[in-house]
file model.pdb (PDB, C-alpha atoms)
ATOM      1  CA  MET K   1      -7.263  18.204-102.079
ATOM      2  CA  SER K   2      -4.697  19.443-104.577
ATOM      3  CA  HIS K   3      -1.328  17.771-104.067
ATOM      4  CA  ASN K   4       0.540  20.951-104.949
ATOM      5  CA  VAL K   5      -0.413  22.535-101.621
ATOM      6  CA  GLU K   6       2.852  22.628 -99.719
ATOM      7  CA  LEU K   7       3.204  21.786 -96.058
ATOM      8  CA  THR K   8       3.269  24.830 -93.792
ATOM      9  CA  SER K   9       6.115  25.369 -91.315
ATOM     10  CA  SER K  10       3.792  24.224 -88.501
ATOM     11  CA  GLU K  11       2.927  21.013 -90.330
ATOM     12  CA  ILE K  12       6.594  20.305 -91.053
ATOM     13  CA  ALA K  13       7.381  20.922 -87.372
ATOM     14  CA  ASN K  14       4.600  18.558 -86.255
ATOM     15  CA  LEU K  15       5.793  15.744 -88.502
ATOM     16  CA  TRP K  16       9.484  16.266 -87.787
ATOM     17  CA  THR K  17       8.943  16.337 -84.015
ATOM     18  CA  GLN K  18       6.745  13.249 -84.099
ATOM     19  CA  TYR K  19       9.327  11.357 -86.161
ATOM     20  CA  ILE K  20      12.090  12.118 -83.643
ATOM     21  CA  ASN K  21       9.905  11.255 -80.644
ATOM     22  CA  ASP K  22       8.452   8.064 -82.115
ATOM     23  CA  SER K  23      11.818   6.751 -83.321
ATOM     24  CA  LEU K  24      13.084   7.245 -79.750
ATOM     25  CA  SER K  25       9.965   5.569 -78.374
ATOM     26  CA  ILE K  26      10.414   2.529 -80.628
ATOM     27  CA  CYS K  27      13.938   2.046 -79.287
ATOM     28  CA  PHE K  28      12.879   2.444 -75.655
ATOM     29  CA  LEU K  29       9.890   0.141 -76.051
ATOM     30  CA  THR K  30      11.697  -2.557 -78.051
ATOM     31  CA  HIS K  31      14.135  -3.266 -75.216
ATOM     32  CA  SER K  32      11.349  -3.049 -72.610
ATOM     33  CA  ILE K  33       9.156  -5.511 -74.539
ATOM     34  CA  GLU K  34      12.022  -7.982 -74.765
ATOM     35  CA  LYS K  35      12.533  -7.862 -70.990
ATOM     36  CA  ALA K  36       8.915  -7.530 -69.811
ATOM     37  CA  LYS K  37       7.639 -10.307 -67.532
ATOM     38  CA  ASP K  38       4.046  -9.158 -67.003
ATOM     39  CA  GLU K  39       1.925 -10.110 -70.020
ATOM     40  CA  GLU K  40      -0.544  -7.241 -69.554
ATOM     41  CA  VAL K  41       2.302  -4.740 -69.486
ATOM     42  CA  LYS K  42       3.927  -6.391 -72.481
ATOM     43  CA  GLU K  43       0.705  -6.122 -74.508
ATOM     44  CA  ILE K  44       0.493  -2.387 -73.777
ATOM     45  CA  LEU K  45       4.122  -1.841 -74.766
ATOM     46  CA  GLU K  46       3.620  -3.799 -77.992
ATOM     47  CA  PHE K  47       0.499  -1.816 -78.870
ATOM     48  CA  ALA K  48       2.331   1.462 -78.201
ATOM     49  CA  ARG K  49       5.258   0.376 -80.382
ATOM     50  CA  SER K  50       2.919  -0.625 -83.224
ATOM     51  CA  LEU K  51       1.396   2.876 -83.145
ATOM     52  CA  ALA K  52       4.826   4.498 -83.223
ATOM     53  CA  GLU K  53       5.916   2.292 -86.141
ATOM     54  CA  SER K  54       2.801   3.189 -88.118
ATOM     55  CA  HIS K  55       3.512   6.879 -87.490
ATOM     56  CA  ILE K  56       7.088   6.544 -88.727
ATOM     57  CA  ALA K  57       5.857   4.850 -91.913
ATOM     58  CA  LYS K  58       3.233   7.539 -92.542
ATOM     59  CA  ILE K  59       5.617  10.436 -91.912
ATOM     60  CA  THR K  60       8.269   8.864 -94.144
ATOM     61  CA  GLU K  61       5.711   8.535 -96.936
ATOM     62  CA  THR K  62       4.647  12.165 -96.528
ATOM     63  CA  PHE K  63       8.201  13.527 -96.516
ATOM     64  CA  GLU K  64       9.088  11.480 -99.599
ATOM     65  CA  LYS K  65       6.095  12.904-101.484
ATOM     66  CA  GLU K  66       7.184  16.395-100.455
ATOM     67  CA  ASN K  67      10.805  15.717-101.482
ATOM     68  CA  SER K  68      11.823  16.508 -97.909
ATOM     69  CA  PRO K  69      14.749  14.750 -96.175
ATOM     70  CA  ILE K  70      13.823  12.017 -93.695
ATOM     71  CA  PRO K  71      15.056  12.778 -90.163
ATOM     72  CA  LYS K  72      17.703  10.449 -88.778
ATOM     73  CA  GLY K  73      16.153  10.104 -85.344
ATOM     74  CA  PHE K  74      17.056   6.923 -83.461
ATOM     75  CA  SER K  75      17.341   3.265 -84.410
ATOM     76  CA  VAL K  76      17.330  -0.025 -82.514
ATOM     77  CA  LYS K  77      20.513  -1.045 -84.345
ATOM     78  CA  GLU K  78      22.491   2.025 -83.260
ATOM     79  CA  ASP K  79      20.882   3.036 -79.975
ATOM     80  CA  VAL K  80      19.780  -0.162 -78.212
ATOM     81  CA  ASN K  81      21.729  -3.003 -76.610
ATOM     82  CA  MET K  82      19.248  -5.862 -76.612
ATOM     83  CA  ASN K  83      21.625  -7.999 -74.515
ATOM     84  CA  ALA K  84      21.485  -5.580 -71.586
ATOM     85  CA  PRO K  85      19.261  -6.622 -68.665
ATOM     86  CA  SER K  86      16.192  -4.659 -67.587
ATOM     87  CA  LEU K  87      16.858  -1.200 -66.215
ATOM     88  CA  PHE K  88      13.279  -0.558 -65.054
ATOM     89  CA  THR K  89      10.596  -2.850 -63.649
ATOM     90  CA  ASP K  90       7.281  -3.557 -65.370
ATOM     91  CA  THR K  91       5.566  -1.526 -62.647
ATOM     92  CA  PHE K  92       7.504   1.596 -63.584
ATOM     93  CA  MET K  93       6.979   0.986 -67.288
ATOM     94  CA  LEU K  94       3.216   1.256 -66.720
ATOM     95  CA  SER K  95       3.648   4.602 -64.971
ATOM     96  CA  TYR K  96       6.084   5.718 -67.681
ATOM     97  CA  MET K  97       3.622   4.829 -70.436
ATOM     98  CA  HIS K  98       0.849   6.641 -68.571
ATOM     99  CA  VAL K  99       2.821   9.912 -68.556
ATOM    100  CA  MET K 100       4.155   9.519 -72.106
ATOM    101  CA  THR K 101       0.624   8.944 -73.385
ATOM    102  CA  LEU K 102      -0.579  12.111 -71.663
ATOM    103  CA  LEU K 103       2.240  14.023 -73.349
ATOM    104  CA  GLY K 104       1.286  12.460 -76.672
ATOM    105  CA  LEU K 105      -2.352  13.473 -76.352
ATOM    106  CA  THR K 106      -1.340  17.068 -75.683
ATOM    107  CA  GLY K 107       1.055  17.074 -78.630
ATOM    108  CA  TYR K 108      -1.463  15.613 -81.076
ATOM    109  CA  ALA K 109      -4.144  18.100 -80.042
ATOM    110  CA  GLY K 110      -1.663  20.887 -80.719
ATOM    111  CA  ALA K 111      -0.754  19.363 -84.072
ATOM    112  CA  VAL K 112      -4.404  19.310 -85.142
ATOM    113  CA  ALA K 113      -4.820  22.930 -84.083
ATOM    114  CA  THR K 114      -1.765  24.076 -86.085
ATOM    115  CA  SER K 115      -2.490  22.116 -89.278
ATOM    116  CA  SER K 116      -4.439  23.387 -92.281
ATOM    117  CA  ARG K 117      -4.016  20.719 -94.951
ATOM    118  CA  PRO K 118      -6.902  18.213 -94.718
ATOM    119  CA  ASP K 119      -4.579  15.183 -94.873
ATOM    120  CA  GLN K 120      -2.553  16.523 -91.933
ATOM    121  CA  ILE K 121      -5.621  17.315 -89.863
ATOM    122  CA  ASN K 122      -7.055  13.845 -90.520
ATOM    123  CA  TYR K 123      -3.744  12.182 -89.729
ATOM    124  CA  PHE K 124      -3.300  13.839 -86.337
ATOM    125  CA  VAL K 125      -6.970  13.370 -85.433
ATOM    126  CA  GLN K 126      -6.383   9.644 -86.043
ATOM    127  CA  CYS K 127      -3.202   9.754 -83.924
ATOM    128  CA  ASN K 128      -5.244  11.292 -81.118
ATOM    129  CA  LYS K 129      -7.904   8.572 -81.346
ATOM    130  CA  GLU K 130      -5.274   5.817 -81.251
ATOM    131  CA  THR K 131      -3.546   7.400 -78.275
ATOM    132  CA  MET K 132      -6.846   7.726 -76.422
ATOM    133  CA  GLU K 133      -7.320   3.978 -76.853
ATOM    134  CA  LEU K 134      -3.787   3.396 -75.557
ATOM    135  CA  TYR K 135      -4.504   5.618 -72.558
ATOM    136  CA  GLN K 136      -7.685   3.681 -71.745
ATOM    137  CA  ARG K 137      -5.767   0.398 -71.830
ATOM    138  CA  ILE K 138      -3.033   1.768 -69.566
ATOM    139  CA  ALA K 139      -5.486   3.297 -67.088
ATOM    140  CA  ASN K 140      -7.500   0.059 -66.847
ATOM    141  CA  VAL K 141      -4.430  -2.059 -66.143
ATOM    142  CA  MET K 142      -3.073   0.442 -63.599
ATOM    143  CA  LEU K 143      -6.429   0.603 -61.820
ATOM    144  CA  ASN K 144      -6.731  -3.199 -61.748
ATOM    145  CA  LYS K 145      -3.229  -3.509 -60.321
ATOM    146  CA  GLY K 146      -3.744  -0.695 -57.810
ATOM    147  CA  LEU K 147      -0.957   1.364 -59.403
ATOM    148  CA  TYR K 148      -2.906   4.370 -60.693
ATOM    149  CA  SER K 149      -1.791   7.516 -58.876
ATOM    150  CA  LYS K 150      -5.023   9.452 -58.460
ATOM    151  CA  ALA K 151      -5.171  13.187 -57.809
ATOM    152  CA  PRO K 152      -5.887  14.140 -54.152
ATOM    153  CA  ARG K 153      -9.497  13.821 -53.043
ATOM    154  CA  ILE K 154     -11.582  16.797 -51.889
ATOM    155  CA  ASN K 155     -15.174  16.848 -50.666
ATOM    156  CA  THR K 156     -17.881  17.720 -53.169
ATOM    157  CA  PRO K 157     -19.160  21.275 -52.543
ATOM    158  CA  ASN K 158     -22.735  21.659 -51.341
ATOM    159  CA  GLU K 159     -23.562  24.657 -53.510
ATOM    160  CA  VAL K 160     -22.312  27.030 -56.197
ATOM    161  CA  ASP K 161     -20.342  29.952 -54.757
ATOM    162  CA  PHE K 162     -18.746  33.171 -56.053
ATOM    163  CA  VAL K 163     -15.580  35.014 -55.007
ATOM    164  CA  ASN K 164     -16.492  37.967 -52.786
ATOM    165  CA  ASN K 165     -13.144  39.448 -51.709
ATOM    166  CA  GLN K 166      -9.561  39.985 -52.872
ATOM    167  CA  ARG K 167      -8.211  37.342 -50.435
ATOM    168  CA  TYR K 168      -8.997  34.752 -53.120
ATOM    169  CA  LEU K 169      -5.988  36.017 -55.088
ATOM    170  CA  THR K 170      -3.520  36.456 -52.210
ATOM    171  CA  GLY K 171      -0.925  33.983 -51.126
ATOM    172  CA  TRP K 172       2.054  35.711 -49.559
ATOM    173  CA  PHE K 173       0.698  37.515 -46.509
ATOM    174  CA  GLY K 174      -2.105  36.731 -44.122
ATOM    175  CA  LYS K 175      -4.274  33.641 -44.215
ATOM    176  CA  LYS K 176      -4.180  31.787 -47.539
ATOM    177  CA  ARG K 177      -7.384  30.379 -48.934
ATOM    178  CA  PRO K 178      -7.416  26.600 -49.599
ATOM    179  CA  LEU K 179      -6.252  25.369 -52.988
ATOM    180  CA  SER K 180      -8.937  25.130 -55.648
ATOM    181  CA  ALA K 181      -9.669  21.832 -57.415
ATOM    182  CA  VAL K 182      -8.142  23.313 -60.589
ATOM    183  CA  GLU K 183      -4.925  24.244 -58.761
ATOM    184  CA  ILE K 184      -4.704  20.844 -57.069
ATOM    185  CA  SER K 185      -5.065  19.136 -60.442
ATOM    186  CA  GLY K 186      -2.214  21.188 -61.924
ATOM    187  CA  ILE K 187       0.111  20.515 -58.993
ATOM    188  CA  SER K 188      -0.651  16.791 -58.907
ATOM    189  CA  PHE K 189      -0.258  16.397 -62.673
ATOM    190  CA  ASN K 190       3.149  18.098 -62.640
ATOM    191  CA  MET K 191       4.292  15.970 -59.711
ATOM    192  CA  VAL K 192       3.440  12.746 -61.527
ATOM    193  CA  LYS K 193       5.562  13.865 -64.477
ATOM    194  CA  ILE K 194       8.428  14.860 -62.184
ATOM    195  CA  ILE K 195       8.398  11.396 -60.597
ATOM    196  CA  VAL K 196       8.835   9.676 -63.951
ATOM    197  CA  LYS K 197      11.733  11.947 -64.908
ATOM    198  CA  VAL K 198      13.457  11.321 -61.554
ATOM    199  CA  VAL K 199      13.296   7.565 -62.107
ATOM    200  CA  LEU K 200      14.647   7.894 -65.646
ATOM    201  CA  GLU K 201      17.523  10.078 -64.431
ATOM    202  CA  VAL K 202      18.369   7.610 -61.662
ATOM    203  CA  GLY K 203      18.404   4.708 -64.122
ATOM    204  CA  PHE K 204      20.190   6.564 -66.915
ATOM    205  CA  GLY K 205      22.788   7.926 -64.494
ATOM    206  CA  GLN K 206      23.434   4.362 -63.376
ATOM    207  CA  VAL K 207      24.310   3.069 -66.858
ATOM    208  CA  CYS K 208      25.500   5.974 -69.042
ATOM    209  CA  GLN K 209      29.086   5.888 -70.279
ATOM    210  CA  LYS K 210      30.145   9.532 -70.494
ATOM    211  CA  GLU K 211      31.021  11.277 -67.237
ATOM    212  CA  ASP K 212      29.592  14.670 -68.211
ATOM    213  CA  VAL K 213      26.291  13.046 -69.176
ATOM    214  CA  ARG K 214      26.186  11.144 -65.879
ATOM    215  CA  LYS K 215      26.731  14.358 -63.918
ATOM    216  CA  TYR K 216      23.952  16.000 -65.904
ATOM    217  CA  PHE K 217      21.518  13.218 -64.961
ATOM    218  CA  GLN K 218      22.566  13.436 -61.309
ATOM    219  CA  ARG K 219      22.027  17.194 -61.338
ATOM    220  CA  GLY K 220      18.596  16.700 -62.913
ATOM    221  CA  LYS K 221      17.639  14.165 -60.265
ATOM    222  CA  LYS K 222      18.451  16.622 -57.475
ATOM    223  CA  LEU K 223      16.563  19.419 -59.232
ATOM    224  CA  CYS K 224      13.488  17.227 -59.734
ATOM    225  CA  GLU K 225      13.547  16.032 -56.118
ATOM    226  CA  LYS K 226      13.743  19.645 -54.934
ATOM    227  CA  GLN K 227      10.841  20.730 -57.134
ATOM    228  CA  PHE K 228       8.782  17.692 -56.161
ATOM    229  CA  SER K 229       9.329  18.581 -52.489
ATOM    230  CA  ILE K 230       8.196  22.180 -53.068
ATOM    231  CA  LEU K 231       4.961  21.088 -54.742
ATOM    232  CA  SER K 232       4.423  18.356 -52.150
ATOM    233  CA  ASN K 233       4.703  20.883 -49.317
ATOM    234  CA  ILE K 234       2.033  23.041 -50.964
ATOM    235  CA  LEU K 235      -0.354  20.064 -50.980
ATOM    236  CA  THR K 236       0.606  19.015 -47.443
ATOM    237  CA  LYS K 237      -0.318  22.435 -46.022
ATOM    238  CA  ASP K 238      -3.877  21.774 -47.206
ATOM    239  CA  GLY K 239      -3.871  18.226 -45.867
ATOM    240  CA  LEU K 240      -3.621  16.691 -49.335
ATOM    241  CA  ALA K 241      -1.631  13.610 -50.312
ATOM    242  CA  SER K 242       1.196  13.545 -52.854
ATOM    243  CA  PRO K 243       1.671  10.977 -55.651
ATOM    244  CA  ALA K 244       3.747   7.894 -54.877
ATOM    245  CA  SER K 245       7.416   7.674 -55.853
ATOM    246  CA  TRP K 246       8.713   4.973 -58.219
ATOM    247  CA  VAL K 247      12.465   5.319 -57.573
ATOM    248  CA  SER K 248      12.604   1.810 -56.090
ATOM    249  CA  GLU K 249      11.522   0.451 -59.492
ATOM    250  CA  VAL K 250      15.031   0.908 -60.953
ATOM    251  CA  THR K 251      16.974  -2.379 -61.129
ATOM    252  CA  ASN K 252      20.622  -2.766 -60.060
ATOM    253  CA  SER K 253      21.876  -3.204 -63.621
ATOM    254  CA  THR K 254      24.882  -1.118 -64.690
ATOM    255  CA  THR K 255      24.839  -2.296 -68.316
ATOM    256  CA  PRO K 256      23.451   0.403 -70.642
ATOM    257  CA  PRO K 257      20.424  -0.767 -72.672
ATOM    258  CA  TYR K 258      20.401   2.525 -74.571
ATOM    259  CA  SER K 259      23.005   4.842 -76.071
ATOM    260  CA  ASP K 260      24.010   7.971 -74.169
ATOM    261  CA  LYS K 261      22.676   9.906 -77.162
ATOM    262  CA  LEU K 262      19.202   8.414 -76.755
ATOM    263  CA  MET K 263      19.102   8.820 -72.984
ATOM    264  CA  LEU K 264      20.234  12.445 -73.013
ATOM    265  CA  ASN K 265      17.831  13.372 -75.812
ATOM    266  CA  HIS K 266      14.996  11.688 -73.917
ATOM    267  CA  ILE K 267      15.609  13.759 -70.797
ATOM    268  CA  VAL K 268      15.984  17.023 -72.729
ATOM    269  CA  ILE K 269      12.705  16.350 -74.567
ATOM    270  CA  LEU K 270      10.937  15.761 -71.245
ATOM    271  CA  ILE K 271      12.430  18.928 -69.771
ATOM    272  CA  SER K 272      11.098  20.976 -72.670
ATOM    273  CA  ALA K 273       7.646  19.479 -72.101
ATOM    274  CA  ALA K 274       7.875  20.227 -68.361
ATOM    275  CA  ILE K 275       8.352  23.942 -69.051
ATOM    276  CA  GLY K 276       5.145  23.947 -71.089
ATOM    277  CA  TYR K 277       3.170  22.160 -68.383
ATOM    278  CA  TYR K 278       4.381  24.550 -65.700
ATOM    279  CA  GLY K 279       3.181  27.351 -67.951
ATOM    280  CA  ALA K 280      -0.214  25.677 -68.263
ATOM    281  CA  ALA K 281      -0.414  25.357 -64.470
ATOM    282  CA  ILE K 282       0.336  29.081 -64.069
ATOM    283  CA  SER K 283      -2.545  29.945 -66.391
ATOM    284  CA  VAL K 284      -5.091  28.252 -64.111
ATOM    285  CA  SER K 285      -3.560  29.208 -60.729
ATOM    286  CA  GLN K 286      -5.256  32.240 -59.166
ATOM    287  CA  ARG K 287      -3.325  32.314 -55.913
ATOM    288  CA  ARG K 288      -0.403  34.698 -56.387
ATOM    289  CA  ASP K 289       2.094  32.577 -54.448
ATOM    290  CA  LEU K 290       1.472  29.635 -56.796
ATOM    291  CA  SER K 291       2.066  31.734 -59.907
ATOM    292  CA  ILE K 292       5.349  33.056 -58.506
ATOM    293  CA  GLU K 293       6.433  29.570 -57.438
ATOM    294  CA  TYR K 294       5.734  28.080 -60.860
ATOM    295  CA  THR K 295       7.614  30.931 -62.530
ATOM    296  CA  ARG K 296      10.665  30.189 -60.377
ATOM    297  CA  LEU K 297      10.455  26.462 -61.120
ATOM    298  CA  MET K 298      10.207  27.193 -64.840
ATOM    299  CA  ALA K 299      13.341  29.355 -64.689
ATOM    300  CA  GLU K 300      15.306  26.559 -62.996
ATOM    301  CA  VAL K 301      14.126  23.988 -65.521
ATOM    302  CA  GLY K 302      14.871  26.368 -68.384
ATOM    303  CA  LEU K 303      18.515  26.699 -67.337
ATOM    304  CA  TYR K 304      18.783  22.921 -66.993
ATOM    305  CA  ALA K 305      17.261  22.442 -70.453
ATOM    306  CA  GLU K 306      19.730  24.917 -71.987
ATOM    307  CA  ASP K 307      22.670  23.069 -70.451
ATOM    308  CA  GLY K 308      21.260  19.796 -71.802
ATOM    309  CA  ALA K 309      21.052  21.238 -75.309
ATOM    310  CA  GLU K 310      24.659  22.450 -75.052
ATOM    311  CA  LEU K 311      25.727  18.963 -73.972
ATOM    312  CA  LEU K 312      23.918  17.428 -76.957
ATOM    313  CA  ILE K 313      25.655  19.882 -79.299
ATOM    314  CA  LYS K 314      29.039  19.156 -77.707
ATOM    315  CA  HIS K 315      28.696  15.442 -78.496
ATOM    316  CA  GLY K 316      27.064  15.964 -81.918
ATOM    317  CA  TRP K 317      23.766  14.424 -80.821
ATOM    318  CA  LEU K 318      21.329  17.303 -81.412
ATOM    319  CA  GLU K 319      19.532  16.850 -84.717
ATOM    320  CA  GLN K 320      18.632  20.186 -86.282
ATOM    321  CA  PRO K 321      14.988  20.744 -87.237
ATOM    322  CA  PRO K 322      14.206  22.273 -90.660
ATOM    323  CA  LEU K 323      15.176  25.963 -90.760
ATOM    324  CA  ALA K 324      13.871  28.975 -92.657
ATOM    325  CA  GLU K 325      16.165  30.398 -95.314
ATOM    326  CA  ASP K 326      18.914  32.751 -94.144
ATOM    327  CA  ARG K 327      17.943  35.709 -96.338
ATOM    328  CA  GLU K 328      20.968  37.777 -95.363
ATOM    329  CA  THR K 329      23.377  35.030 -96.445
ATOM    330  CA  LEU K 330      21.441  34.424 -99.671
ATOM    331  CA  SER K 331      21.550  38.121-100.550
ATOM    332  CA  LYS K 332      25.337  38.150-100.234
ATOM    333  CA  LYS K 333      25.621  35.369-102.810
TER     334      LYS K 333
END

call {"tool": "encode", "arguments": {"input": "model.pdb", "output": "C-alpha cells"}}
result
Amino acid sequence: MSHNVELTSSEIANLWTQYINDSLSICFLTHSIEKAKDEEVKEILEFARSLAESHIAKITETFEKENSPIPKGFSVKEDVNMNAPSLFTDTFMLSYMHVMTLLGLTGYAGAVATSSRPDQINYFVQCNKETMELYQRIANVMLNKGLYSKAPRINTPNEVDFVNNQRYLTGWFGKKRPLSAVEISGISFNMVKIIVKVVLEVGFGQVCQKEDVRKYFQRGKKLCEKQFSILSNILTKDGLASPASWVSEVTNSTTPPYSDKLMLNHIVILISAAIGYYGAAISVSQRRDLSIEYTRLMAEVGLYAEDGAELLIKHGWLEQPPLAEDRETLSKK
C-alpha cells in the first residue's frame, strides 16, 4: 500500500473515537484492577486493559505518521484517584465488562465496514478478534459463577410457519400476537445495557463533586428505571422474565475514584450508544406498538444526551473531534 493515501474522514473518526473510549477504559479498569478481590475477575480486567493500551499505542503511531494531533482523552494521573476505595463490586464489574465488550464488538464491526485503507481494515479486524476472545473469557466466567443474564426462554417451534394475516403487525387495538424471538432478543439486550447504566449513575452520583453533575446522574437513574420498567412490562405480559438488577453491587464509598469529567463523559458515551441500539431494535420489531414505544424511548434519551453534552461544554470537558474546513470562513480570508 502506498503511504501517501490519506485517511478518510470515516477512518479518522474510527481512530479518534477509539482513542477517547480506550483512554477512558484504561482509567476505569486501572482503579478496578487495583481493588479487585476475585482473581478471575482481575485477570479479565487486566486482559481488557492490555488490549486498550495496545490500541492507544497503535492509534498514536498512526496519527503521528499522518501528522495528525493526538487526542487528549483521559489519563490515570489526571482522572483517577488510586487511593479511593472500590465503588463497584467484582460481580458488577463482570456485568459491566460484558456490556462494554458487546459495545466494542459493534463498534469494531462498524469501523471495518467504513474503512478503505488496507492497514485500517486489518487493524480493526484484529481489534474485533481480540474483543471476541475477551467476550469468550467474560462469558465463561459469568456462566461458571451463575452471573450470566440469559435472554428469556421460549419453546422451540414444531414447524416452519408463515404470517397469514395483518394481525401480526398490530399492537394497539385488539388481541396482540406474542412477541417474536427477534423482538424478545432486542428488548432483553437493551434492558441489560440499561441495568449497567443505572448502576453507574447510582455510583457516580454517590461520589461526584459538582452538584449539577450529581443532579444529572440522578435524573439519568430515574429515566433508566422508568424505561427498564416499560420494557419489563412488555416481557411480563408474555410471561417472560426480565434480567436481574445489579444496583446492590454499588459499595457505600463516597470518595470519588474518578474525576467528574471522566464519569460524565462515560455516561454521555453510553447514552449515545443506547440511542443506536434502540434504533436497531426498531428495525427488527414488527409489532407496531413496539416501534412506537422504542421511538418514544429514543426521544427521551436523545434529550438527556443533549443536556449531558451541554453540561460537558459548560465545564470544558467535551473534546472536539476533527472537523471539516469551514469554507465560508476561509473564503472571507

call {"tool": "closest_residue", "arguments": {"input": "model.pdb", "among": "K:Asp212, K:Glu40, K:Asp79, K:Glu66", "to": "Asp307 in chain K", "atoms": "only C-alpha atoms"}}
result
K:Asp212

call {"tool": "resolve_selection", "arguments": {"input": "model.pdb", "expression": "the PyMOL selection byres ((chain K and resi 234) around 12)", "output": "ChimeraX atom specification"}}
result
/K:171,176,178-179,183-184,186-188,191,227-233,235-242,287,289-290,293-294

call {"tool": "closest_residue", "arguments": {"input": "model.pdb", "among": "K:Ala181, K:Ile194, K:Ile59, K:Ala281", "to": "Ala151 in chain K", "atoms": "all atoms listed in the file"}}
result
K:Ala181

call {"tool": "residues_around", "arguments": {"input": "model.pdb", "residues": "Pro257 in chain K", "least_positions_apart": "6", "cutoff": "9 Å", "atoms": "only C-alpha atoms", "output": "CSV table (one decimal) with C-alpha atoms, in the coordinates of the input"}}
result
chain,number,residue,atom,x,y,z
K,28,PHE,CA,12.9,2.4,-75.7
K,31,HIS,CA,14.1,-3.3,-75.2
K,79,ASP,CA,20.9,3.0,-80.0
K,80,VAL,CA,19.8,-0.2,-78.2
K,81,ASN,CA,21.7,-3.0,-76.6
K,82,MET,CA,19.2,-5.9,-76.6
K,83,ASN,CA,21.6,-8.0,-74.5
K,84,ALA,CA,21.5,-5.6,-71.6
K,85,PRO,CA,19.3,-6.6,-68.7
K,86,SER,CA,16.2,-4.7,-67.6
K,87,LEU,CA,16.9,-1.2,-66.2
K,207,VAL,CA,24.3,3.1,-66.9

call {"tool": "atom_distance", "arguments": {"input": "model.pdb", "atom1": "CA of Lys215 in chain K", "atom2": "CA of Thr251 in chain K"}}
result
19.6 Å

call {"tool": "resolve_selection", "arguments": {"input": "model.pdb", "expression": "the PyMOL selection byres ((chain K and resi 7-9) around 12)", "output": "VMD selection string"}}
result
chain K and resid 2 to 6 10 to 17 62 to 63 65 to 68 111 114 to 121 321 to 325

call {"tool": "write_last_selection", "arguments": {"input": "model.pdb", "atoms": "C-alpha atoms", "output": "CSV table (one decimal), in the coordinates of the input"}}
result
chain,number,residue,atom,x,y,z
K,2,SER,CA,-4.7,19.4,-104.6
K,3,HIS,CA,-1.3,17.8,-104.1
K,4,ASN,CA,0.5,21.0,-104.9
K,5,VAL,CA,-0.4,22.5,-101.6
K,6,GLU,CA,2.9,22.6,-99.7
K,10,SER,CA,3.8,24.2,-88.5
K,11,GLU,CA,2.9,21.0,-90.3
K,12,ILE,CA,6.6,20.3,-91.1
K,13,ALA,CA,7.4,20.9,-87.4
K,14,ASN,CA,4.6,18.6,-86.3
K,15,LEU,CA,5.8,15.7,-88.5
K,16,TRP,CA,9.5,16.3,-87.8
K,17,THR,CA,8.9,16.3,-84.0
K,62,THR,CA,4.6,12.2,-96.5
K,63,PHE,CA,8.2,13.5,-96.5
K,65,LYS,CA,6.1,12.9,-101.5
K,66,GLU,CA,7.2,16.4,-100.5
K,67,ASN,CA,10.8,15.7,-101.5
K,68,SER,CA,11.8,16.5,-97.9
K,111,ALA,CA,-0.8,19.4,-84.1
K,114,THR,CA,-1.8,24.1,-86.1
K,115,SER,CA,-2.5,22.1,-89.3
K,116,SER,CA,-4.4,23.4,-92.3
K,117,ARG,CA,-4.0,20.7,-95.0
K,118,PRO,CA,-6.9,18.2,-94.7
K,119,ASP,CA,-4.6,15.2,-94.9
K,120,GLN,CA,-2.6,16.5,-91.9
K,121,ILE,CA,-5.6,17.3,-89.9
K,321,PRO,CA,15.0,20.7,-87.2
K,322,PRO,CA,14.2,22.3,-90.7
K,323,LEU,CA,15.2,26.0,-90.8
K,324,ALA,CA,13.9,29.0,-92.7
K,325,GLU,CA,16.2,30.4,-95.3

call {"tool": "atom_distance", "arguments": {"input": "model.pdb", "atom1": "CA of Val284 in chain K", "atom2": "CA of Leu105 in chain K"}}
result
19.4 Å

call {"tool": "resolve_selection", "arguments": {"input": "model.pdb", "expression": "the PyMOL selection byres ((chain K and resi 33) around 10)", "output": "list in words"}}
result
Phe28, Leu29, Thr30, His31, Ser32, Glu34, Lys35, Ala36, Lys37, Asp38, Glu39, Val41, Lys42, Glu43, Ile44, Leu45, Glu46, Arg49, Ser86, Asp90 and Met93 of chain K

call {"tool": "atom_distance", "arguments": {"input": "model.pdb", "atom1": "CA of Leu318 in chain K", "atom2": "CA of Ile275 in chain K"}}
result
19.1 Å

call {"tool": "decode", "arguments": {"input": "model.pdb", "residues": "range 187-195 of chain K", "atoms": "N, CA and C atoms", "output": "short mmCIF file (atom, residue, chain, number, x, y, z; two decimals), in the first residue's frame"}}
result
data_model
loop_
_atom_site.label_atom_id
_atom_site.label_comp_id
_atom_site.auth_asym_id
_atom_site.auth_seq_id
_atom_site.Cartn_x
_atom_site.Cartn_y
_atom_site.Cartn_z
N ILE K 187 -35.41 -6.54 23.13
CA ILE K 187 -35.84 -5.98 24.41
C ILE K 187 -34.87 -6.38 25.51
N SER K 188 -34.55 -7.66 25.58
CA SER K 188 -33.67 -8.16 26.63
C SER K 188 -32.29 -7.52 26.56
N PHE K 189 -31.75 -7.41 25.36
CA PHE K 189 -30.43 -6.82 25.16
C PHE K 189 -30.39 -5.37 25.64
N ASN K 190 -31.43 -4.61 25.29
CA ASN K 190 -31.49 -3.21 25.73
C ASN K 190 -31.65 -3.10 27.24
N MET K 191 -32.37 -4.02 27.84
CA MET K 191 -32.55 -3.99 29.29
C MET K 191 -31.25 -4.26 30.03
N VAL K 192 -30.45 -5.17 29.52
CA VAL K 192 -29.16 -5.46 30.14
C VAL K 192 -28.27 -4.22 30.13
N LYS K 193 -28.30 -3.49 29.02
CA LYS K 193 -27.49 -2.27 28.92
C LYS K 193 -28.01 -1.17 29.85
N ILE K 194 -29.34 -1.09 29.97
CA ILE K 194 -29.93 -0.11 30.87
C ILE K 194 -29.50 -0.37 32.31
N ILE K 195 -29.49 -1.65 32.70
CA ILE K 195 -29.11 -2.01 34.07
C ILE K 195 -27.72 -1.51 34.41
#
